[in-house]
file data_35.txt (compact mmCIF, C-alpha atoms and all ligand atoms)
# COMPACT_ATOMS: atom_id res chain seq x y z
CA MET Y 37 -8.97 -8.14 15.97
CA ILE Y 38 -8.32 -5.47 13.38
CA LEU Y 39 -6.30 -6.19 10.24
CA THR Y 40 -4.63 -3.37 8.31
CA ILE Y 41 -3.56 -3.79 4.69
CA ASN Y 42 -1.26 -1.56 2.69
CA CYS Y 43 -0.91 -2.63 -0.96
CA GLY Y 44 1.84 -1.11 -3.08
CA SER Y 45 2.33 -1.88 -6.77
CA SER Y 46 4.33 -5.06 -5.98
CA SER Y 47 4.04 -5.35 -2.20
CA LEU Y 48 1.48 -5.95 0.53
CA LYS Y 49 2.14 -4.92 4.16
CA TYR Y 50 -0.16 -6.11 6.93
CA GLN Y 51 -0.59 -5.77 10.68
CA LEU Y 52 -3.02 -7.52 12.97
CA TYR Y 53 -4.02 -5.56 16.09
CA SER Y 54 -5.77 -6.61 19.26
CA SER Y 55 -9.29 -5.16 19.29
CA ASP Y 56 -8.32 -2.40 21.76
CA LEU Y 57 -5.34 -1.51 19.49
CA THR Y 58 -2.86 -1.86 22.34
CA ARG Y 59 -0.95 -4.75 20.74
CA VAL Y 60 0.30 -5.72 17.29
CA VAL Y 61 -0.21 -9.48 17.38
CA ALA Y 62 1.20 -10.24 13.94
CA LYS Y 63 2.66 -8.34 11.05
CA GLY Y 64 4.51 -8.86 7.83
CA MET Y 65 5.14 -7.96 4.25
CA VAL Y 66 4.78 -9.73 0.92
CA SER Y 67 7.39 -8.40 -1.50
CA ARG Y 68 8.00 -8.60 -5.25
CA ILE Y 69 4.44 -9.75 -6.05
CA GLY Y 70 4.26 -10.93 -9.67
CA GLU Y 71 8.05 -10.75 -10.01
CA THR Y 72 10.92 -13.21 -9.60
CA GLY Y 73 12.20 -13.38 -6.03
CA ALA Y 74 8.75 -13.00 -4.45
CA HIS Y 75 8.83 -13.61 -0.70
CA ILE Y 76 6.99 -13.13 2.58
CA ASP Y 77 8.39 -11.97 5.92
CA HIS Y 78 5.94 -12.69 8.71
CA SER Y 79 6.14 -12.41 12.49
CA ALA Y 80 3.76 -13.16 15.33
CA GLY Y 81 4.98 -12.96 18.92
CA ARG Y 82 8.46 -14.47 18.93
CA GLU Y 83 7.90 -16.44 15.72
CA ARG Y 84 9.56 -15.08 12.59
CA ILE Y 85 9.46 -16.72 9.19
CA HIS Y 86 10.74 -15.98 5.71
CA GLN Y 87 9.10 -17.74 2.78
CA ASP Y 88 10.37 -17.66 -0.82
CA MET Y 89 7.58 -18.59 -3.21
CA VAL Y 90 5.90 -17.78 -6.50
CA ILE Y 91 3.24 -15.12 -5.84
CA ALA Y 92 1.42 -14.27 -9.04
CA ASP Y 93 -0.79 -11.41 -7.90
CA HIS Y 94 -2.22 -9.50 -4.95
CA GLY Y 95 -5.02 -12.04 -4.62
CA SER Y 96 -2.64 -14.90 -4.01
CA ALA Y 97 -0.52 -12.65 -1.74
CA PHE Y 98 -3.55 -11.97 0.42
CA ARG Y 99 -4.42 -15.67 0.62
CA HIS Y 100 -0.87 -16.40 1.86
CA VAL Y 101 -1.26 -13.69 4.50
CA ILE Y 102 -4.44 -15.31 5.79
CA ASP Y 103 -2.77 -18.76 5.72
CA ASN Y 104 0.11 -17.39 7.81
CA LEU Y 105 -2.22 -15.69 10.27
CA LEU Y 106 -4.06 -19.01 10.73
CA HIS Y 107 -0.95 -21.20 10.83
CA PRO Y 108 -0.74 -23.44 13.94
CA GLU Y 109 2.99 -22.73 14.49
CA TRP Y 110 3.56 -19.11 13.46
CA GLY Y 111 0.00 -17.83 13.19
CA ALA Y 112 -1.95 -15.57 15.53
CA LEU Y 113 -5.55 -16.68 14.90
CA THR Y 114 -7.44 -19.91 15.49
CA ASP Y 115 -10.31 -18.77 13.31
CA ILE Y 116 -10.58 -16.22 10.51
CA GLY Y 117 -13.81 -15.05 12.17
CA LEU Y 118 -11.69 -13.36 14.85
CA ILE Y 119 -10.91 -10.61 12.34
CA THR Y 120 -13.71 -8.14 12.98
CA ALA Y 121 -12.73 -5.32 10.60
CA VAL Y 122 -10.15 -4.57 7.91
CA GLY Y 123 -8.53 -1.19 7.25
CA HIS Y 124 -6.95 -0.43 3.87
CA ARG Y 125 -4.62 2.32 2.79
CA ALA Y 126 -5.31 4.05 -0.51
CA VAL Y 127 -2.97 6.62 -1.97
CA HIS Y 128 -5.36 8.90 -3.83
CA GLY Y 129 -8.89 9.86 -2.93
CA GLY Y 130 -9.00 12.88 -5.25
CA ASP Y 131 -11.30 15.61 -4.00
CA THR Y 132 -14.02 13.02 -3.42
CA PHE Y 133 -12.83 11.67 -0.09
CA VAL Y 134 -12.27 14.16 2.71
CA ASP Y 135 -12.15 11.44 5.38
CA SER Y 136 -11.74 7.69 5.61
CA VAL Y 137 -14.87 5.74 4.63
CA LEU Y 138 -16.51 2.35 4.92
CA VAL Y 139 -16.04 0.41 1.71
CA THR Y 140 -19.14 -0.13 -0.42
CA ASP Y 141 -19.47 -0.91 -4.11
CA ALA Y 142 -20.13 2.79 -4.68
CA VAL Y 143 -16.93 3.74 -2.82
CA LEU Y 144 -14.93 1.32 -4.97
CA ARG Y 145 -16.34 2.89 -8.12
CA GLN Y 146 -15.40 6.35 -6.84
CA LEU Y 147 -11.92 5.12 -5.93
CA GLU Y 148 -11.55 3.67 -9.41
CA ALA Y 149 -12.52 7.06 -10.83
CA CYS Y 150 -9.49 8.51 -8.97
CA THR Y 151 -7.11 6.10 -10.74
CA PRO Y 152 -5.97 8.60 -13.42
CA LEU Y 153 -4.66 10.73 -10.53
CA ALA Y 154 -2.45 7.89 -9.20
CA PRO Y 155 -2.10 5.35 -12.03
CA LEU Y 156 0.71 3.41 -10.34
CA HIS Y 157 -0.78 3.15 -6.85
CA ASN Y 158 -4.59 3.15 -6.89
CA PRO Y 159 -4.98 -0.03 -9.00
CA ALA Y 160 -2.91 -2.00 -6.46
CA ASN Y 161 -4.92 -0.50 -3.59
CA LEU Y 162 -8.16 -1.49 -5.34
CA LEU Y 163 -6.96 -5.04 -5.98
CA GLY Y 164 -6.08 -5.45 -2.31
CA ILE Y 165 -9.48 -4.20 -1.18
CA GLU Y 166 -11.39 -6.38 -3.63
CA GLU Y 167 -9.47 -9.51 -2.66
CA ALA Y 168 -9.84 -8.81 1.05
CA ARG Y 169 -13.60 -8.30 0.64
CA ARG Y 170 -13.82 -11.60 -1.25
CA LEU Y 171 -12.01 -13.51 1.51
CA LEU Y 172 -13.60 -11.61 4.41
CA PRO Y 173 -17.06 -10.71 3.07
CA ASP Y 174 -18.84 -10.43 6.39
CA VAL Y 175 -16.74 -7.79 8.12
CA PRO Y 176 -16.62 -4.04 7.55
CA HIS Y 177 -13.76 -2.78 5.41
CA VAL Y 178 -12.55 0.80 5.77
CA VAL Y 179 -10.37 2.73 3.36
CA VAL Y 180 -8.00 5.49 4.53
CA PHE Y 181 -6.62 7.93 1.96
CA ASP Y 182 -3.20 9.59 1.95
CA THR Y 183 -4.75 12.67 0.39
CA SER Y 184 -7.83 13.23 2.58
CA PHE Y 185 -6.08 15.05 5.46
CA HIS Y 186 -5.05 17.79 3.01
CA GLN Y 187 -8.57 18.37 1.71
CA THR Y 188 -8.90 21.16 4.28
CA MET Y 189 -6.38 23.32 2.38
CA PRO Y 190 -8.07 26.51 1.20
CA PRO Y 191 -8.29 27.17 -2.57
CA SER Y 192 -5.54 29.79 -2.31
CA ALA Y 193 -3.21 26.95 -1.27
CA HIS Y 194 -4.45 24.16 -3.52
CA VAL Y 195 -5.28 25.83 -6.88
CA TYR Y 196 -2.37 26.16 -9.32
CA GLY Y 197 -1.81 29.30 -11.40
CA LEU Y 198 -2.82 27.51 -14.60
CA PRO Y 199 -5.94 28.36 -16.62
CA TYR Y 200 -8.84 27.75 -14.24
CA ARG Y 201 -10.47 25.15 -16.52
CA PHE Y 202 -7.73 22.63 -15.64
CA TYR Y 203 -8.89 22.86 -12.04
CA GLY Y 204 -12.60 23.03 -12.80
CA GLU Y 205 -12.75 20.38 -15.51
CA HIS Y 206 -9.78 18.11 -14.85
CA LYS Y 207 -9.28 18.36 -11.07
CA ILE Y 208 -5.68 19.48 -11.58
CA ARG Y 209 -4.66 20.96 -8.23
CA ARG Y 210 -2.42 20.42 -5.23
CA TYR Y 211 -3.55 17.31 -3.37
CA GLY Y 212 -0.66 16.52 -1.05
CA PHE Y 213 0.39 13.12 0.28
CA HIS Y 214 1.64 11.45 3.50
CA GLY Y 215 -1.63 12.72 5.01
CA THR Y 216 -2.11 9.64 7.18
CA SER Y 217 1.34 10.16 8.67
CA CYS Y 218 0.88 13.92 9.14
CA ARG Y 219 -2.49 13.39 10.86
CA TYR Y 220 -1.06 10.79 13.25
CA VAL Y 221 2.00 12.90 14.00
CA SER Y 222 -0.06 16.05 14.61
CA GLY Y 223 -2.12 14.22 17.24
CA LEU Y 224 1.02 12.83 18.83
CA ALA Y 225 2.60 16.31 18.91
CA GLY Y 226 -0.40 17.53 20.91
CA GLU Y 227 0.02 14.60 23.31
CA ILE Y 228 3.76 15.26 23.78
CA LEU Y 229 3.08 18.92 24.49
CA GLY Y 230 0.03 18.19 26.64
CA ARG Y 231 -2.00 20.69 24.59
CA PRO Y 232 -5.04 20.26 22.34
CA VAL Y 233 -3.94 20.08 18.74
CA GLU Y 234 -6.75 22.57 17.99
CA ASP Y 235 -4.63 25.25 19.73
CA LEU Y 236 -1.41 24.56 17.84
CA ARG Y 237 0.30 25.72 14.66
CA LEU Y 238 2.60 22.88 13.62
CA VAL Y 239 5.06 22.39 10.82
CA VAL Y 240 5.36 18.63 10.35
CA CYS Y 241 8.56 17.53 8.61
CA HIS Y 242 7.95 14.01 7.29
CA LEU Y 243 11.50 13.28 6.14
CA GLY Y 244 11.74 9.75 4.72
CA ASN Y 245 12.53 8.38 1.33
CA GLY Y 246 9.67 10.65 0.29
CA VAL Y 247 9.41 14.06 1.93
CA THR Y 248 6.36 16.09 2.92
CA ILE Y 249 6.46 19.33 4.86
CA ASP Y 250 2.98 20.13 6.14
CA ALA Y 251 1.47 23.23 7.75
CA VAL Y 252 -1.10 22.09 10.31
CA ALA Y 253 -3.13 24.81 12.02
CA GLY Y 254 -5.70 23.79 14.61
CA GLY Y 255 -5.32 20.14 13.64
CA ARG Y 256 -6.11 20.84 9.96
CA SER Y 257 -3.70 20.74 7.05
CA VAL Y 258 -3.63 24.26 5.56
CA ASP Y 259 -0.75 23.87 3.11
CA THR Y 260 1.60 21.10 2.09
CA SER Y 261 4.75 20.71 0.03
CA MET Y 262 3.73 17.85 -2.26
CA GLY Y 263 1.29 18.70 -5.00
CA PHE Y 264 -0.67 17.08 -7.80
CA GLY Y 265 1.73 14.14 -7.58
CA THR Y 266 4.42 13.01 -5.19
CA PHE Y 267 7.14 15.16 -6.66
CA SER Y 268 7.18 18.75 -5.48
CA GLY Y 269 8.67 20.33 -2.38
CA VAL Y 270 11.93 19.16 -0.87
CA MET Y 271 14.44 17.04 -2.78
CA MET Y 272 14.04 13.36 -1.82
CA GLY Y 273 15.94 10.07 -2.13
CA THR Y 274 15.63 9.93 -5.91
CA ARG Y 275 13.08 12.69 -6.68
CA ALA Y 276 14.22 16.19 -7.55
CA GLY Y 277 11.59 18.14 -5.63
CA ASP Y 278 10.97 21.75 -6.64
CA PHE Y 279 12.64 23.07 -9.76
CA ASP Y 280 11.54 25.42 -12.50
CA PRO Y 281 9.07 23.44 -14.67
CA GLY Y 282 10.34 25.49 -17.63
CA LEU Y 283 13.35 23.20 -17.46
CA ILE Y 284 11.24 20.30 -18.69
CA PHE Y 285 10.62 22.15 -21.97
CA HIS Y 286 14.35 22.82 -22.21
CA LEU Y 287 15.27 19.16 -21.56
CA HIS Y 288 12.78 18.17 -24.25
CA SER Y 289 13.32 20.71 -26.98
CA VAL Y 290 17.01 21.59 -26.56
CA LEU Y 291 18.57 18.44 -25.06
CA LYS Y 292 16.12 16.27 -27.07
CA LEU Y 293 15.16 13.98 -24.19
CA ASP Y 294 11.79 12.33 -24.60
CA MET Y 295 9.08 12.56 -21.95
CA PRO Y 296 9.45 9.05 -20.46
CA GLU Y 297 13.20 9.70 -20.10
CA ILE Y 298 12.63 13.07 -18.41
CA GLU Y 299 10.12 11.47 -16.07
CA ARG Y 300 12.54 8.68 -15.17
CA ILE Y 301 15.36 11.15 -14.53
CA CYS Y 302 13.20 13.42 -12.36
CA TYR Y 303 11.66 10.61 -10.28
CA LYS Y 304 14.36 7.94 -10.15
CA GLU Y 305 17.76 9.49 -10.82
CA SER Y 306 17.57 12.83 -9.04
CA GLY Y 307 17.46 14.00 -5.42
CA LEU Y 308 20.09 12.76 -2.96
CA LEU Y 309 21.15 10.06 -5.45
CA GLY Y 310 21.40 12.41 -8.41
CA ILE Y 311 23.43 15.05 -6.58
CA SER Y 312 25.65 12.78 -4.49
CA GLY Y 313 26.24 10.12 -7.16
CA VAL Y 314 26.60 7.80 -4.17
CA SER Y 315 23.24 6.81 -2.68
CA ASN Y 316 19.59 7.72 -2.14
CA ASP Y 317 20.00 6.86 1.54
CA MET Y 318 20.74 9.81 3.81
CA ARG Y 319 22.95 7.64 6.06
CA ASP Y 320 25.33 6.87 3.17
CA VAL Y 321 25.30 10.44 1.92
CA VAL Y 322 26.10 11.92 5.36
CA ALA Y 323 28.86 9.32 5.93
CA ALA Y 324 30.47 10.09 2.56
CA ALA Y 325 30.17 13.85 3.20
CA ASP Y 326 31.97 13.33 6.53
CA ALA Y 327 34.70 11.47 4.67
CA GLY Y 328 35.21 14.52 2.43
CA ASN Y 329 32.99 13.81 -0.59
CA GLU Y 330 31.99 17.29 -1.77
CA ARG Y 331 28.99 16.27 -3.83
CA CYS Y 332 27.60 14.41 -0.83
CA ALA Y 333 28.15 17.50 1.30
CA LEU Y 334 26.31 19.54 -1.34
CA ALA Y 335 23.40 17.04 -1.34
CA VAL Y 336 23.05 17.37 2.45
CA ASP Y 337 23.32 21.18 2.25
CA MET Y 338 20.62 21.30 -0.43
CA PHE Y 339 18.30 19.02 1.52
CA VAL Y 340 18.67 21.08 4.70
CA HIS Y 341 18.25 24.34 2.78
CA MET Y 342 15.06 23.16 1.09
CA VAL Y 343 13.48 21.95 4.34
CA ARG Y 344 14.33 25.21 6.11
CA LYS Y 345 12.94 27.29 3.26
CA GLN Y 346 9.68 25.33 3.34
CA VAL Y 347 9.38 25.66 7.13
CA GLY Y 348 9.84 29.43 6.81
CA ALA Y 349 7.19 29.59 4.10
CA PHE Y 350 4.70 27.67 6.25
CA ALA Y 351 5.42 29.82 9.29
CA ALA Y 352 4.41 32.74 7.06
CA VAL Y 353 1.26 30.88 5.95
CA MET Y 354 0.18 30.31 9.57
CA GLY Y 355 1.44 33.60 11.04
CA GLY Y 356 4.03 31.77 13.18
CA ILE Y 357 4.57 28.29 14.55
CA ASP Y 358 4.24 26.68 17.97
CA ALA Y 359 6.08 23.46 17.19
CA LEU Y 360 8.40 22.00 14.59
CA VAL Y 361 7.84 18.25 14.38
CA PHE Y 362 10.25 15.71 12.89
CA THR Y 363 9.11 12.28 11.72
CA ALA Y 364 9.84 9.36 9.31
CA GLY Y 365 13.19 7.67 8.58
CA ILE Y 366 15.44 10.73 8.53
CA GLY Y 367 13.37 12.86 10.92
CA GLU Y 368 13.20 10.14 13.58
CA ASN Y 369 16.75 8.83 13.27
CA SER Y 370 19.13 11.65 12.47
CA PRO Y 371 20.03 14.12 15.25
CA TYR Y 372 22.53 15.58 12.80
CA ILE Y 373 19.96 16.52 10.13
CA ARG Y 374 17.52 17.80 12.78
CA ALA Y 375 20.22 20.05 14.22
CA ARG Y 376 21.28 21.26 10.77
CA ILE Y 377 17.69 22.23 9.90
CA ALA Y 378 17.05 23.94 13.24
CA ALA Y 379 20.32 25.87 13.01
CA GLY Y 380 18.89 28.34 10.49
CA LEU Y 381 15.54 28.84 12.16
CA GLU Y 382 16.43 30.76 15.32
CA PHE Y 383 14.42 33.74 14.03
CA LEU Y 384 11.29 31.59 14.49
CA GLY Y 385 12.23 30.81 18.09
CA VAL Y 386 13.52 27.36 17.14
CA GLU Y 387 16.29 26.04 19.40
CA ILE Y 388 17.57 22.53 20.01
CA ASP Y 389 18.86 21.00 23.23
CA ALA Y 390 21.90 19.02 22.03
CA GLN Y 391 21.56 16.26 24.63
CA ALA Y 392 17.80 15.87 24.18
CA ASN Y 393 18.35 15.78 20.42
CA ALA Y 394 21.04 13.10 20.71
CA ASP Y 395 18.75 11.02 22.98
CA GLY Y 396 15.58 11.72 21.00
CA ASN Y 397 15.61 9.05 18.30
CA ARG Y 398 12.67 6.74 17.56
CA LYS Y 399 10.51 7.84 20.47
CA PRO Y 400 8.19 10.75 21.22
CA ALA Y 401 10.53 13.45 22.52
CA LEU Y 402 10.74 17.17 23.17
CA ILE Y 403 14.19 18.21 21.94
CA SER Y 404 14.04 21.99 22.46
CA PRO Y 405 15.26 23.52 25.73
CA ALA Y 406 12.76 24.40 28.45
CA GLY Y 407 11.27 27.83 27.83
CA ALA Y 408 12.00 27.89 24.09
CA ARG Y 409 9.47 29.99 22.16
CA THR Y 410 8.92 27.18 19.62
CA ALA Y 411 8.87 23.52 20.66
CA VAL Y 412 10.88 21.07 18.60
CA LEU Y 413 9.65 17.47 18.69
CA VAL Y 414 10.49 14.00 17.45
CA ALA Y 415 7.19 12.21 16.86
CA PRO Y 416 7.57 8.71 15.36
CA THR Y 417 4.94 8.15 12.72
CA ASP Y 418 2.64 5.12 12.68
CA GLU Y 419 0.44 5.08 9.60
CA GLU Y 420 -0.82 1.57 10.36
CA MET Y 421 -2.08 2.70 13.77
CA MET Y 422 -3.90 5.63 12.17
CA ILE Y 423 -5.55 3.21 9.72
CA ALA Y 424 -6.48 0.87 12.57
CA ARG Y 425 -8.00 3.75 14.59
CA ASP Y 426 -10.07 4.93 11.64
CA THR Y 427 -11.18 1.35 11.05
CA VAL Y 428 -12.43 1.02 14.63
CA ARG Y 429 -14.07 4.47 14.44
CA LEU Y 430 -15.95 3.70 11.22
CA ALA Y 431 -16.56 -0.05 11.59
CA GLY Y 432 -18.95 0.73 14.43
CA SER Y 433 -21.33 2.35 11.96
CA ALA Y 434 -21.15 -0.57 9.50
CA HIS Y 435 -24.51 -1.98 10.55
CA LEU Y 436 -26.14 1.33 9.54
CA LEU Y 437 -24.61 0.94 6.12
CA ARG Y 438 -25.97 -2.59 5.80
CA LEU Y 439 -29.39 -1.19 6.61
CA GLN Y 440 -28.93 1.41 3.89
CA ASP Y 441 -27.89 -1.28 1.38
CA SER Y 442 -30.91 -3.40 2.26
CA PRO Y 443 -33.88 -3.08 -0.12
CA LEU Y 444 -36.16 -3.01 2.92
CA SER Y 445 -34.37 0.02 4.31
CA LEU Y 446 -36.38 3.09 5.12
CA LEU Y 447 -33.19 5.15 5.27
CA PRO Y 448 -32.34 7.37 2.31
CA ALA Y 449 -29.82 5.88 -0.13
CA GLU Y 450 -26.17 6.84 0.21
P1 LIG X 1 11.16 6.03 5.42
O1 LIG X 1 10.78 6.31 4.00
O2 LIG X 1 10.41 6.83 6.41
O3 LIG X 1 11.20 4.56 5.73
O4 LIG X 1 12.68 6.53 5.56
C1 LIG X 1 13.72 5.84 4.90
C2 LIG X 1 14.94 6.74 4.87
O5 LIG X 1 15.29 7.17 6.19
C3 LIG X 1 16.18 6.01 4.36
O6 LIG X 1 16.26 6.04 2.97
C4 LIG X 1 17.29 6.80 4.98
O7 LIG X 1 17.67 7.82 4.09
C5 LIG X 1 16.67 7.47 6.19
N1 LIG X 1 17.30 7.08 7.46
C6 LIG X 1 17.03 6.01 8.24
N2 LIG X 1 17.85 6.00 9.32
C7 LIG X 1 18.64 7.09 9.23
C8 LIG X 1 19.69 7.64 10.04
N3 LIG X 1 20.09 7.07 11.18
N4 LIG X 1 20.28 8.78 9.61
C9 LIG X 1 19.88 9.37 8.46
N5 LIG X 1 18.90 8.89 7.67
C10 LIG X 1 18.30 7.78 8.05

call {"tool": "encode", "arguments": {"input": "data_35.txt", "output": "structure tokens", "more": "lines below"}}
Ligand code: AMP
result
Amino acid sequence: MILTINCGSSSLKYQLYSSDLTRVVAKGMVSRIGETGAHIDHSAGRERIHQDMVIADHGSAFRHVIDNLLHPEWGALTDIGLITAVGHRAVHGGDTFVDSVLVTDAVLRQLEACTPLAPLHNPANLLGIEEARRLLPDVPHVVVFDTSFHQTMPPSAHVYGLPYRFYGEHKIRRYGFHGTSCRYVSGLAGEILGRPVEDLRLVVCHLGNGVTIDAVAGGRSVDTSMGFGTFSGVMMGTRAGDFDPGLIFHLHSVLKLDMPEIERICYKESGLLGISGVSNDMRDVVAAADAGNERCALAVDMFVHMVRKQVGAFAAVMGGIDALVFTAGIGENSPYIRARIAAGLEFLGVEIDAQANADGNRKPALISPAGARTAVLVAPTDEEMMIARDTVRLAGSAHLLRLQDSPLSLLPAE
């Protein structure tokens, strides 16, 4: 079986797949690691459990996961040896990792070197990988990066207009995120349309609590809305998205806000929450707008406007689009937002079939009318499945790596 692990700063999500990846046999999440109120939600088959306990760190979280997977009542394994490979998510692979890789000591050192690029996320990812390797030392571990899909962006799309030395010496550039989701969704879009993804120009709208709009031409990411960090592009639940960076100097020097305060405001108090004053959740904001709340209506209008603007920009980047693809929490669940976004894009051949849109939630669906110039799709994302697929793909070559690591090896070193 294949185990996938996704460590956040205070959480650990896991899924256990059958070896052919057709079934999720167990899954769960450890929340509030190292905080008060730590707990585990675990399910396997029909069994569901909730455990409140003290969980000091990611190491002890991982040990509880293994205990649950082996538990005689609510477990899914009789022997830990049934786990044949482990796939890990990492947020930032810098410009070092252009694809997922098998974990080696050298890879961990390189991942650590990327930590300044994602100081909140990469340390948790590293901890998870190290602990998993300690508990499961004899199986291949694979790491999948949120940034690697976007490494195909050309320099004209990923270099910022700052002095070149910041790019050359400090690796300051557009990286992009949600790459694992965008890669999965691009493949699924090809499947829904029955066409090779290599022949398609897609704009993927990953609209969740975080938002990425991605231009995918021929299966490769060619431009993306997030940048050096997870901030730019469309306004999100609590993040402002694009605004004039000159404003930061104004907030600092005229309004006398200090940098940590500005950062908190931009990341945690802005976006849907900051405009609506009601919620960071699109469901609440739309409901309040319907009930007449004008700031909520403005928040929805701004969100829709920003997505549409980004789609138009990416159509220009690719010289047109073949399909507009909606995914993640808002994209998969809100016919209303999908219709609002599509309503301004008729000039690109985008049309929506109202009934197909209403019926199209949470499953792969074509929601444009037959014969439309541009297809509109709902393509539910599944980052864990993408991690599991990469793990299977790369774990097969693990024995080669062991040969390379062996002092007797005749193969060249990595
Ligand atoms: P994600 O980050 O992909 O899990 O998406 C979470 C977000 O999806 C939530 O914060 C909600 O704003 C949004 N969402 C989920 N269901 C709906 C819905 N039915 N209508 C609008 N937004 C939704």

call {"tool": "closest_atom_pairs", "arguments": {"input": "data_35.txt", "of": "chain Y", "to": "ligand LIG 1 (chain X)", "cutoff": "9 Å", "atoms": "only C-alpha atoms and all ligand atoms", "output": "Markdown table"}}
result
| residue | atom | partner | partner_atom | distance |
| --- | --- | --- | --- | --- |
| Y:His242 | CA | X:LIG1 | O2 | 7.6 |
| Y:Leu243 | CA | X:LIG1 | O2 | 6.5 |
| Y:Gly244 | CA | X:LIG1 | O4 | 3.5 |
| Y:Asn245 | CA | X:LIG1 | O1 | 3.8 |
| Y:Gly246 | CA | X:LIG1 | O1 | 5.8 |
| Y:Val247 | CA | X:LIG1 | O1 | 8.1 |
| Y:Met272 | CA | X:LIG1 | O7 | 8.9 |
| Y:Gly273 | CA | X:LIG1 | O6 | 6.5 |
| Y:Leu308 | CA | X:LIG1 | O7 | 8.9 |
| Y:Ser315 | CA | X:LIG1 | O7 | 8.8 |
| Y:Asn316 | CA | X:LIG1 | O6 | 6.3 |
| Y:Asp317 | CA | X:LIG1 | O7 | 3.6 |
| Y:Met318 | CA | X:LIG1 | O7 | 3.7 |
| Y:Arg319 | CA | X:LIG1 | C9 | 4.3 |
| Y:Asp320 | CA | X:LIG1 | O7 | 7.8 |
| Y:Val321 | CA | X:LIG1 | O7 | 8.4 |
| Y:Val322 | CA | X:LIG1 | C9 | 7.4 |
| Y:Thr363 | CA | X:LIG1 | O2 | 7.7 |
| Y:Ala364 | CA | X:LIG1 | O2 | 3.9 |
| Y:Gly365 | CA | X:LIG1 | O5 | 3.2 |
| Y:Ile366 | CA | X:LIG1 | N5 | 4.0 |
| Y:Gly367 | CA | X:LIG1 | N5 | 7.5 |
| Y:Glu368 | CA | X:LIG1 | N2 | 7.5 |
| Y:Asn369 | CA | X:LIG1 | N3 | 4.3 |
| Y:Ser370 | CA | X:LIG1 | N4 | 4.2 |
| Y:Pro371 | CA | X:LIG1 | N4 | 7.8 |
| Y:Tyr372 | CA | X:LIG1 | N4 | 7.8 |
| Y:Ile373 | CA | X:LIG1 | C9 | 7.3 |
| Y:Asn397 | CA | X:LIG1 | N3 | 8.6 |
| Y:Thr417 | CA | X:LIG1 | O2 | 8.5 |

call {"tool": "residues_around", "arguments": {"input": "data_35.txt", "residues": "range 128-145 of chain Y", "least_positions_apart": "2", "cutoff": "8 Å", "atoms": "all atoms listed in the file", "output": "list of chain:residue names"}}
result
Y:Ala126, Y:Leu147, Y:Glu148, Y:Ala149, Y:Cys150, Y:Thr151, Y:Leu153, Y:Ala154, Y:His157, Y:Asn158, Y:Leu162, Y:Pro176, Y:His177, Y:Val178, Y:Val179, Y:Val180, Y:Phe181, Y:Asp182, Y:Thr183, Y:Ser184, Y:Phe185, Y:Gln187, Y:Thr188, Y:Lys207, Y:Tyr211, Y:Asp426, Y:Leu430, Y:Ala431, Y:Ala434

call {"tool": "write_last_selection", "arguments": {"input": "data_35.txt", "atoms": "C-alpha atoms", "output": "PDB file, in the coordinates of the input"}}
result
ATOM      1  CA  ALA Y 126      -5.310   4.050  -0.510  1.00  0.00           C
ATOM      2  CA  LEU Y 147     -11.920   5.120  -5.930  1.00  0.00           C
ATOM      3  CA  GLU Y 148     -11.550   3.670  -9.410  1.00  0.00           C
ATOM      4  CA  ALA Y 149     -12.520   7.060 -10.830  1.00  0.00           C
ATOM      5  CA  CYS Y 150      -9.490   8.510  -8.970  1.00  0.00           C
ATOM      6  CA  THR Y 151      -7.110   6.100 -10.740  1.00  0.00           C
ATOM      7  CA  LEU Y 153      -4.660  10.730 -10.530  1.00  0.00           C
ATOM      8  CA  ALA Y 154      -2.450   7.890  -9.200  1.00  0.00           C
ATOM      9  CA  HIS Y 157      -0.780   3.150  -6.850  1.00  0.00           C
ATOM     10  CA  ASN Y 158      -4.590   3.150  -6.890  1.00  0.00           C
ATOM     11  CA  LEU Y 162      -8.160  -1.490  -5.340  1.00  0.00           C
ATOM     12  CA  PRO Y 176     -16.620  -4.040   7.550  1.00  0.00           C
ATOM     13  CA  HIS Y 177     -13.760  -2.780   5.410  1.00  0.00           C
ATOM     14  CA  VAL Y 178     -12.550   0.800   5.770  1.00  0.00           C
ATOM     15  CA  VAL Y 179     -10.370   2.730   3.360  1.00  0.00           C
ATOM     16  CA  VAL Y 180      -8.000   5.490   4.530  1.00  0.00           C
ATOM     17  CA  PHE Y 181      -6.620   7.930   1.960  1.00  0.00           C
ATOM     18  CA  ASP Y 182      -3.200   9.590   1.950  1.00  0.00           C
ATOM     19  CA  THR Y 183      -4.750  12.670   0.390  1.00  0.00           C
ATOM     20  CA  SER Y 184      -7.830  13.230   2.580  1.00  0.00           C
ATOM     21  CA  PHE Y 185      -6.080  15.050   5.460  1.00  0.00           C
ATOM     22  CA  GLN Y 187      -8.570  18.370   1.710  1.00  0.00           C
ATOM     23  CA  THR Y 188      -8.900  21.160   4.280  1.00  0.00           C
ATOM     24  CA  LYS Y 207      -9.280  18.360 -11.070  1.00  0.00           C
ATOM     25  CA  TYR Y 211      -3.550  17.310  -3.370  1.00  0.00           C
ATOM     26  CA  ASP Y 426     -10.070   4.930  11.640  1.00  0.00           C
ATOM     27  CA  LEU Y 430     -15.950   3.700  11.220  1.00  0.00           C
ATOM     28  CA  ALA Y 431     -16.560  -0.050  11.590  1.00  0.00           C
ATOM     29  CA  ALA Y 434     -21.150  -0.570   9.500  1.00  0.00           C
TER      30      ALA Y 434
END

call {"tool": "residues_around", "arguments": {"input": "data_35.txt", "residues": "Gly396 in chain Y", "least_positions_apart": "4", "cutoff": "10 Å", "atoms": "all atoms listed in the file", "output": "ChimeraX atom specification"}}
result
/Y:368-371,390-392,400-403,413-415
